[in-house]
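Next comes my_file.txt, a file with compact mmCIF, C-alpha atoms (C1' of nucleotides).
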```
# COMPACT_ATOMS: atom_id res chain seq x y z
CA MET A 43 -3.56 5.12 21.78
CA THR A 44 -3.51 2.99 18.65
CA ALA A 45 -2.71 -0.72 18.83
CA PRO A 46 0.93 -1.41 17.95
CA ASP A 47 -0.09 -3.74 15.14
CA GLU A 48 -2.07 -0.93 13.55
CA GLN A 49 0.84 1.46 14.06
CA LEU A 50 3.07 -0.97 12.20
CA ASN A 51 0.51 -1.23 9.38
CA ARG A 52 0.42 2.52 8.97
CA GLY A 53 4.11 3.10 9.61
CA PHE A 54 5.30 0.61 7.00
CA ALA A 55 2.65 1.72 4.52
CA ALA A 56 3.71 5.33 5.02
CA LEU A 57 7.36 4.60 4.26
CA ALA A 58 6.49 2.47 1.22
CA ASP A 59 6.07 5.67 -0.80
CA PRO A 60 9.28 7.39 -2.01
CA THR A 61 7.71 10.87 -1.80
CA ARG A 62 6.90 10.27 1.85
CA ARG A 63 10.35 8.84 2.55
CA SER A 64 11.85 11.97 1.05
CA ILE A 65 9.61 14.10 3.27
CA VAL A 66 10.82 12.18 6.31
CA ALA A 67 14.41 12.66 5.14
CA ARG A 68 13.81 16.38 4.78
CA LEU A 69 12.31 16.62 8.26
CA THR A 70 15.47 15.24 9.85
CA ARG A 71 17.04 18.56 8.86
CA GLY A 72 14.43 20.51 10.77
CA ASP A 73 10.69 21.14 10.95
CA ALA A 74 9.05 22.39 7.76
CA THR A 75 5.72 23.66 6.44
CA VAL A 76 3.67 21.89 3.76
CA GLY A 77 4.76 24.51 1.24
CA GLU A 78 8.42 24.00 2.00
CA LEU A 79 8.01 20.25 1.78
CA ALA A 80 6.27 20.61 -1.58
CA GLU A 81 9.00 22.71 -3.24
CA PRO A 82 11.38 19.97 -4.38
CA HIS A 83 8.57 17.70 -5.52
CA ASP A 84 7.13 18.16 -8.99
CA MET A 85 3.63 17.80 -7.61
CA THR A 86 0.78 20.01 -6.34
CA VAL A 87 0.70 21.28 -2.77
CA GLN A 88 -2.54 19.38 -2.26
CA ALA A 89 -0.84 16.10 -3.04
CA ILE A 90 1.91 16.86 -0.50
CA SER A 91 -0.74 17.83 2.02
CA LYS A 92 -2.26 14.38 1.61
CA HIS A 93 1.12 12.71 2.07
CA VAL A 94 1.70 14.71 5.22
CA ARG A 95 -1.67 13.60 6.48
CA VAL A 96 -0.75 9.96 5.94
CA LEU A 97 2.49 10.51 7.83
CA GLU A 98 0.59 12.25 10.60
CA GLU A 99 -1.95 9.44 10.94
CA SER A 100 0.89 6.94 11.11
CA GLY A 101 2.36 8.86 14.03
CA LEU A 102 5.60 9.51 12.14
CA VAL A 103 5.07 13.27 12.15
CA SER A 104 3.26 15.69 14.42
CA ARG A 105 2.23 19.27 13.71
CA ARG A 106 1.83 22.46 15.65
CA ARG A 107 -0.04 25.65 14.79
CA GLU A 108 1.99 28.76 14.06
CA ALA A 109 -0.08 31.61 12.61
CA GLN A 110 -1.40 30.34 9.29
CA ARG A 111 1.44 27.84 8.99
CA ARG A 112 1.34 24.25 10.28
CA PRO A 113 4.94 23.10 10.60
CA CYS A 114 5.65 19.37 10.56
CA HIS A 115 7.89 17.69 13.08
CA LEU A 116 9.41 14.21 12.80
CA GLU A 117 8.63 11.84 15.68
CA ALA A 118 11.12 9.05 16.37
CA GLU A 119 8.77 6.79 18.32
CA VAL A 120 7.11 4.88 15.46
CA LEU A 121 10.47 4.58 13.73
CA ASP A 122 11.71 2.88 16.88
CA LEU A 123 8.71 0.56 16.88
CA MET A 124 9.40 -0.43 13.27
CA ILE A 125 13.09 -1.00 13.90
CA GLY A 126 12.12 -3.10 16.90
CA TRP A 127 9.85 -5.32 14.82
CA ILE A 128 12.29 -5.83 11.98
CA GLU A 129 15.26 -6.39 14.21
CA ARG A 130 13.42 -8.96 16.28
CA TYR A 131 12.80 -11.22 13.32
CA ARG A 132 16.00 -10.50 11.48
CA ARG A 133 17.87 -11.44 14.60
CA ALA A 134 15.74 -14.56 15.08
CA ALA A 135 16.59 -15.63 11.53
CA GLU A 136 20.29 -15.13 12.15
CA GLU A 137 20.03 -17.03 15.41
CA ARG A 138 18.31 -19.88 13.58
CA PHE A 139 21.13 -20.02 11.09
CA ARG A 140 23.66 -20.13 13.86
CA ARG A 141 21.87 -23.10 15.39
CA LEU A 142 21.38 -24.76 12.02
CA ASP A 143 25.04 -24.37 11.25
CA ALA A 144 25.84 -26.05 14.54
CA VAL A 145 23.49 -28.93 13.74
CA LEU A 146 24.92 -29.37 10.28
CA GLU A 147 28.41 -29.35 11.65
CA GLN A 148 27.52 -31.99 14.20
CA MET A 149 25.84 -34.06 11.49
CA ALA A 150 28.98 -33.87 9.44
CA THR A 151 31.13 -35.10 12.30
CA THR A 152 28.77 -37.78 13.70
CA GLU A 153 27.47 -39.01 10.31
CA ASN A 154 23.95 -39.77 11.61
CA GLY A 155 22.10 -36.42 11.84
CA VAL A 156 18.31 -36.01 11.69
CA ALA A 157 17.24 -32.37 12.09
CA GLN A 158 13.95 -31.47 13.76
CA GLU A 159 11.62 -28.47 13.65
CA GLN A 160 10.21 -26.80 16.74
CA LYS A 161 6.70 -25.31 17.08
CA GLY A 162 5.68 -21.90 18.50
CA ALA A 163 3.76 -18.69 17.81
CA ALA A 164 4.60 -15.06 17.09
CA SER A 165 2.80 -11.95 15.77
CA MET B 282 19.54 -6.30 -9.35
CA THR B 283 16.72 -3.92 -8.38
CA ALA B 284 17.45 -0.29 -7.42
CA PRO B 285 17.59 0.15 -3.63
CA ASP B 286 14.82 2.73 -3.76
CA GLU B 287 12.54 0.22 -5.45
CA GLN B 288 13.57 -2.42 -2.92
CA LEU B 289 12.56 -0.07 -0.12
CA ASN B 290 9.22 0.59 -1.83
CA ARG B 291 8.48 -3.11 -2.05
CA GLY B 292 9.97 -4.04 1.28
CA PHE B 293 7.99 -1.50 3.29
CA ALA B 294 4.83 -2.20 1.30
CA ALA B 295 5.26 -5.92 1.95
CA LEU B 296 5.55 -5.45 5.72
CA ALA B 297 2.57 -3.07 5.83
CA ASP B 298 0.25 -6.07 5.73
CA PRO B 299 -0.25 -7.98 9.01
CA THR B 300 -0.74 -11.30 7.22
CA ARG B 301 2.61 -10.88 5.54
CA ARG B 302 4.28 -9.83 8.78
CA SER B 303 2.95 -12.97 10.40
CA ILE B 304 4.32 -15.02 7.50
CA VAL B 305 7.73 -13.43 8.00
CA ALA B 306 7.49 -14.14 11.72
CA ARG B 307 6.66 -17.78 11.00
CA LEU B 308 9.61 -18.11 8.64
CA THR B 309 12.08 -17.11 11.35
CA ARG B 310 11.25 -20.48 12.89
CA GLY B 311 12.24 -22.33 9.74
CA ASP B 312 11.39 -22.64 6.05
CA ALA B 313 7.78 -23.52 5.23
CA THR B 314 5.55 -24.39 2.29
CA VAL B 315 2.61 -22.29 1.16
CA GLY B 316 0.24 -24.85 2.68
CA GLU B 317 1.95 -24.69 6.06
CA LEU B 318 1.96 -20.91 5.96
CA ALA B 319 -1.76 -20.91 5.16
CA GLU B 320 -2.83 -23.11 8.08
CA PRO B 321 -3.07 -20.51 10.86
CA HIS B 322 -4.71 -17.92 8.59
CA ASP B 323 -8.47 -18.03 8.09
CA MET B 324 -7.99 -17.45 4.38
CA THR B 325 -7.70 -19.50 1.18
CA VAL B 326 -4.39 -21.01 0.11
CA GLN B 327 -4.57 -18.90 -3.05
CA ALA B 328 -4.59 -15.71 -1.01
CA ILE B 329 -1.52 -16.85 0.92
CA SER B 330 0.15 -17.79 -2.35
CA LYS B 331 -0.34 -14.21 -3.50
CA HIS B 332 1.11 -12.83 -0.25
CA VAL B 333 4.12 -15.08 -0.65
CA ARG B 334 4.58 -13.79 -4.16
CA VAL B 335 4.60 -10.21 -2.89
CA LEU B 336 7.22 -11.15 -0.31
CA GLU B 337 9.25 -12.91 -2.97
CA GLU B 338 9.15 -9.92 -5.32
CA SER B 339 10.27 -7.68 -2.47
CA GLY B 340 13.28 -9.94 -1.95
CA LEU B 341 12.24 -10.72 1.62
CA VAL B 342 11.80 -14.41 0.86
CA SER B 343 13.32 -16.79 -1.64
CA ARG B 344 12.05 -20.20 -2.67
CA ARG B 345 13.52 -23.48 -3.79
CA ARG B 346 11.93 -26.43 -5.62
CA GLU B 347 11.47 -29.62 -3.65
CA ALA B 348 9.29 -32.15 -5.50
CA GLN B 349 5.88 -30.50 -5.88
CA ARG B 350 6.52 -28.30 -2.86
CA ARG B 351 8.09 -24.82 -3.05
CA PRO B 352 9.40 -24.03 0.44
CA CYS B 353 9.89 -20.40 1.44
CA HIS B 354 13.03 -19.10 3.04
CA LEU B 355 13.47 -15.77 4.81
CA GLU B 356 16.24 -13.54 3.47
CA ALA B 357 17.77 -11.01 5.86
CA GLU B 358 19.25 -8.70 3.25
CA VAL B 359 16.25 -6.47 2.51
CA LEU B 360 15.45 -6.33 6.23
CA ASP B 361 18.96 -4.97 6.72
CA LEU B 362 18.40 -2.40 3.99
CA MET B 363 15.18 -1.25 5.66
CA ILE B 364 16.78 -1.03 9.09
CA GLY B 365 19.59 0.93 7.49
CA TRP B 366 17.21 3.46 6.01
CA ILE B 367 15.15 3.95 9.13
CA GLU B 368 18.11 4.11 11.45
CA ARG B 369 19.86 6.69 9.30
CA TYR B 370 17.04 9.19 9.64
CA ARG B 371 16.03 8.30 13.14
CA ARG B 372 19.61 8.89 14.18
CA ALA B 373 19.79 12.13 12.23
CA ALA B 374 16.69 13.34 14.08
CA GLU B 375 18.21 12.49 17.44
CA GLU B 376 21.44 14.20 16.43
CA ARG B 377 19.46 17.27 15.45
CA PHE B 378 17.78 17.31 18.84
CA ARG B 379 21.09 17.01 20.59
CA ARG B 380 22.36 20.04 18.67
CA LEU B 381 19.12 21.92 19.21
CA ASP B 382 19.27 21.19 22.91
CA ALA B 383 22.79 22.58 22.98
CA VAL B 384 21.65 25.72 21.18
CA LEU B 385 18.70 26.21 23.50
CA GLU B 386 20.90 25.71 26.50
CA GLN B 387 23.36 28.29 25.23
CA MET B 388 20.51 30.68 24.50
CA ALA B 389 19.28 30.24 28.05
CA THR B 390 22.68 31.02 29.51
CA THR B 391 23.68 33.86 27.17
CA GLU B 392 20.19 35.39 26.89
CA ASN B 393 20.66 36.47 23.25
CA GLY B 394 20.19 33.37 21.11
CA VAL B 395 19.11 33.36 17.48
CA ALA B 396 18.89 29.82 16.05
CA GLN B 397 19.73 29.13 12.40
CA GLU B 398 18.80 26.37 9.94
CA GLN B 399 21.33 24.60 7.74
CA LYS B 400 20.71 23.42 4.20
CA GLY B 401 21.51 20.07 2.59
CA ALA B 402 20.08 17.15 0.52
CA ALA B 403 19.09 13.54 1.17
CA SER B 404 17.06 10.83 -0.60
C1' DA C 488 -2.06 -45.05 -16.18
C1' DC C 489 -4.51 -42.87 -12.46
C1' DC C 490 -5.29 -40.27 -8.55
C1' DC C 491 -3.67 -37.26 -4.82
C1' DT C 492 -1.24 -33.33 -3.06
C1' DA C 493 0.70 -28.76 -3.66
C1' DT C 494 0.59 -24.71 -6.03
C1' DT C 495 -0.57 -21.47 -9.40
C1' DC C 496 -3.43 -19.03 -13.02
C1' DA C 497 -7.58 -16.40 -14.47
C1' DA C 498 -11.38 -13.65 -13.81
C1' DC C 499 -14.08 -11.03 -10.90
C1' DT C 500 -15.21 -7.73 -6.90
C1' DA C 501 -14.96 -4.10 -3.32
C1' DG C 502 -12.14 -0.99 -1.36
C1' DT C 503 -7.84 1.88 -1.21
C1' DT C 504 -4.14 4.91 -3.16
C1' DG C 505 -1.92 8.70 -5.40
C1' DG C 506 -2.64 12.05 -8.17
C1' DT C 507 -5.46 15.91 -10.47
C1' DT C 508 -8.50 20.49 -10.53
C1' DG C 509 -11.40 23.86 -8.35
C1' DA C 510 -13.47 25.99 -4.42
C1' DC C 511 -13.14 27.23 0.37
C1' DA C 512 -11.21 28.74 5.22
C1' DA C 513 -8.04 31.01 8.28
C1' DA C 514 -4.88 34.15 9.60
C1' DC C 515 -1.79 37.80 8.73
C1' DC C 516 -0.59 42.49 6.08
C1' DG C 517 -1.74 46.81 4.57
C1' DC D 1288 -12.01 46.57 4.86
C1' DG D 1289 -9.63 43.87 0.80
C1' DG D 1290 -5.93 41.07 -0.67
C1' DT D 1291 -2.35 37.52 -0.04
C1' DT D 1292 -0.36 33.54 1.87
C1' DT D 1293 -0.99 28.86 3.57
C1' DG D 1294 -3.38 25.04 3.85
C1' DT D 1295 -7.48 21.94 3.43
C1' DC D 1296 -11.91 19.97 1.52
C1' DA D 1297 -14.53 17.75 -2.29
C1' DA D 1298 -15.09 15.39 -6.34
C1' DC D 1299 -13.16 12.85 -9.69
C1' DC D 1300 -10.01 9.32 -12.07
C1' DA D 1301 -6.78 5.49 -13.16
C1' DA D 1302 -4.22 2.06 -11.06
C1' DC D 1303 -3.51 -1.15 -7.53
C1' DT D 1304 -4.77 -4.42 -3.44
C1' DA D 1305 -6.61 -8.14 -0.97
C1' DG D 1306 -9.67 -11.21 -1.12
C1' DT D 1307 -12.95 -14.68 -3.54
C1' DT D 1308 -14.20 -18.99 -6.74
C1' DG D 1309 -13.11 -22.20 -10.20
C1' DA D 1310 -10.00 -24.39 -13.43
C1' DA D 1311 -5.33 -25.81 -14.71
C1' DT D 1312 -0.55 -27.55 -14.00
C1' DA D 1313 3.21 -30.38 -11.93
C1' DG D 1314 5.21 -33.95 -9.56
C1' DG D 1315 4.91 -38.55 -6.74
C1' DG D 1316 2.81 -42.80 -4.99
C1' DT D 1317 0.73 -47.13 -6.12
```
What would the structure in this file look like if it were written as structure tokens?
Amino acid sequence: MTAPDEQLNRGFAALADPTRRSIVARLTRGDATVGELAEPHDMTVQAISKHVRVLEESGLVSRRREAQRRPCHLEAEVLDLMIGWIERYRRAAEERFRRLDAVLEQMATTENGVAQEQKGAAS
Amino acid sequence: MTAPDEQLNRGFAALADPTRRSIVARLTRGDATVGELAEPHDMTVQAISKHVRVLEESGLVSRRREAQRRPCHLEAEVLDLMIGWIERYRRAAEERFRRLDAVLEQMATTENGVAQEQKGAAS
DNA sequence: ACCCTATTCAACTAGTTGGTTGACAAACCG
DNA sequence: CGGTTTGTCAACCAACTAGTTGAATAGGGT
């Protein structure tokens, strides 16, 4: 079991490449072999094989054996982890704005506002 | 205005680095200068300045001038774009499973199932 | 004017990435 | 057995990354 921080490193890095994003998109329509994944990409099969490996190491795809084929399957788990991370901080930012708006509004009505920052920690 | 595909490239690449994720996390607690962002990281200010630049070029943070300081501000927009992308395909995968489950169930009850794949395109 | 603080620029380094070509391995098909 | 399909391994290359040190710029305080 890889540490979640490392999973985020690999997951985000994996999706930073448009070829790999397109592979993920393709896999939502069903499992596929390396050859099938390579077809629409003007690129050697070896290059696609490497991309698939990156996706596999990130946990975004898994593979089974099937004769000489090795079909790829999309795993939702790491996607969920990534959504979780982003949403946590996006939401926190929105929440902060909500509070800030409230403060500003109060300042406007009371005419003596001094805003303060709070301290904390997060990974 | 950068193309959304390029924004995804930069956005995901930006969040693939744990230092930058921690900077984003810090910024949800309020705007901060490069110096403030550098404090908790055992790393030179110059290195943090570079990370901030990457975040800025991805659109994840914006900056204003304030005397000789250049405070960083977290922007939610690209985060929303990234969530949108991930969720689209994660959801598609789940949907596919739901359909597959239905097919398998029908196969189990009718004892003569032959599953078929559908074709389509996505970026 | 002078210094201090905050930030960036420039040059360098070690390691990683994304692609190539060519050779190899594994499993099926006759 | 020999050939074909499917995929990987190895070596190489150009470009990029994440960090360093050292020098330069920009704005404010006194």
So which residues touch Gly53 (chain A) within 9 Å, counting all atoms listed in the file, skipping near sequence neighbours fewer than 5 positions away, as a ChimeraX atom specification? /A:48,58,97,99-102,120-121,123-124 /B:293,297
Contact set, chain D to chain A: 9 Å, all atoms listed in the file, as a ChimeraX atom specification: /D:1292-1295
Interface rows for chain C against chain B: nearest pair, Å to one decimal, 8 Å, all atoms listed in the file, as a Markdown table:
```
| residue | atom | partner | partner_atom | distance |
| --- | --- | --- | --- | --- |
| C:DA493 | C1' | B:Arg350 | CA | 5.9 |
| C:DT494 | C1' | B:Arg350 | CA | 7.6 |
| C:DT495 | C1' | B:Gln327 | CA | 7.9 |
```
Sorted by chain and rising residue number, list the residues of chain B at most 10 Å from chain A (counting only C-alpha atoms), each with its closest atom pair and distance in Å to one decimal, as a Markdown table.
```
| residue | atom | partner | partner_atom | distance |
| --- | --- | --- | --- | --- |
| B:Asp286 | CA | A:Pro60 | CA | 7.4 |
| B:Glu287 | CA | A:Pro60 | CA | 8.6 |
| B:Gln288 | CA | A:Ala58 | CA | 9.5 |
| B:Leu289 | CA | A:Ala58 | CA | 6.7 |
| B:Asn290 | CA | A:Ala58 | CA | 4.5 |
| B:Arg291 | CA | A:Ala58 | CA | 6.8 |
| B:Gly292 | CA | A:Ala58 | CA | 7.4 |
| B:Phe293 | CA | A:Ala58 | CA | 4.7 |
| B:Ala294 | CA | A:Ala58 | CA | 5.0 |
| B:Ala295 | CA | A:Phe54 | CA | 8.3 |
| B:Leu296 | CA | A:Phe54 | CA | 6.2 |
| B:Ala297 | CA | A:Asn51 | CA | 4.5 |
| B:Asp298 | CA | A:Asn51 | CA | 6.1 |
| B:Pro299 | CA | A:Asn51 | CA | 6.8 |
| B:Thr300 | CA | A:Ser165 | CA | 9.3 |
| B:Arg302 | CA | A:Ser165 | CA | 7.5 |
| B:Ser303 | CA | A:Ser165 | CA | 5.5 |
| B:Ile304 | CA | A:Ser165 | CA | 9.0 |
| B:Val305 | CA | A:Tyr131 | CA | 7.7 |
| B:Ala306 | CA | A:Ala164 | CA | 6.2 |
| B:Arg307 | CA | A:Ala164 | CA | 7.0 |
| B:Leu308 | CA | A:Ala135 | CA | 8.0 |
| B:Thr309 | CA | A:Ala135 | CA | 4.8 |
| B:Arg310 | CA | A:Arg138 | CA | 7.1 |
| B:Gly311 | CA | A:Glu159 | CA | 7.3 |
| B:Asp312 | CA | A:Glu159 | CA | 9.6 |
| B:Pro321 | CA | A:Ala163 | CA | 9.9 |
| B:His354 | CA | A:Ala135 | CA | 9.8 |
| B:Leu355 | CA | A:Ala135 | CA | 7.4 |
| B:Glu356 | CA | A:Ala135 | CA | 8.3 |
| B:Ala357 | CA | A:Arg132 | CA | 5.9 |
| B:Glu358 | CA | A:Arg132 | CA | 9.0 |
| B:Val359 | CA | A:Arg132 | CA | 9.8 |
| B:Leu360 | CA | A:Ile128 | CA | 6.6 |
| B:Asp361 | CA | A:Arg132 | CA | 7.9 |
| B:Met363 | CA | A:Ile128 | CA | 8.3 |
| B:Ile364 | CA | A:Ile125 | CA | 6.1 |
| B:Gly365 | CA | A:Ile125 | CA | 9.3 |
| B:Trp366 | CA | A:Arg63 | CA | 9.4 |
| B:Ile367 | CA | A:Leu121 | CA | 6.6 |
| B:Glu368 | CA | A:Ile125 | CA | 7.6 |
| B:Arg369 | CA | A:Ala67 | CA | 9.1 |
| B:Tyr370 | CA | A:Thr70 | CA | 6.3 |
| B:Arg371 | CA | A:Ala118 | CA | 5.9 |
| B:Arg372 | CA | A:Thr70 | CA | 8.7 |
| B:Ala373 | CA | A:Thr70 | CA | 5.8 |
| B:Ala374 | CA | A:Thr70 | CA | 4.8 |
| B:Glu375 | CA | A:Ala118 | CA | 8.0 |
| B:Glu376 | CA | A:Thr70 | CA | 8.9 |
| B:Arg377 | CA | A:Arg71 | CA | 7.1 |
| B:Phe378 | CA | A:Gly72 | CA | 9.3 |
| B:Leu381 | CA | A:Gly72 | CA | 9.8 |
| B:Glu398 | CA | A:Gly72 | CA | 7.4 |
| B:Gln399 | CA | A:Arg71 | CA | 7.5 |
| B:Lys400 | CA | A:Arg71 | CA | 7.7 |
| B:Gly401 | CA | A:Arg71 | CA | 7.8 |
| B:Ala402 | CA | A:Arg68 | CA | 7.6 |
| B:Ala403 | CA | A:Ala67 | CA | 6.2 |
| B:Ser404 | CA | A:Ser64 | CA | 5.6 |
```
Near-DA1301 (chain D) list (12 Å; all atoms listed in the file; drop same-chain fewer than 3 positions) as a list in words: DT504, DG505, DG506 and DT507 of chain C
Test item: axis-aligned box, all listed atoms of region 493-502 of chain C, 6 Å on each side, centre and edges in Å rounded to one decimal, as JSON:
```
{"center_x": -7.3, "center_y": -14.9, "center_z": -7.9, "size_x": 27.9, "size_y": 39.8, "size_z": 25.1}
```
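From CA of Cys114 (chain A) back to CA of Glu98 (chain A), the distance works out to 8.7 Å.
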Can you work out the spacing between CA of Ser104 (chain A) and C1' of DT503 (chain C) in Å, to one decimal? 23.6 Å
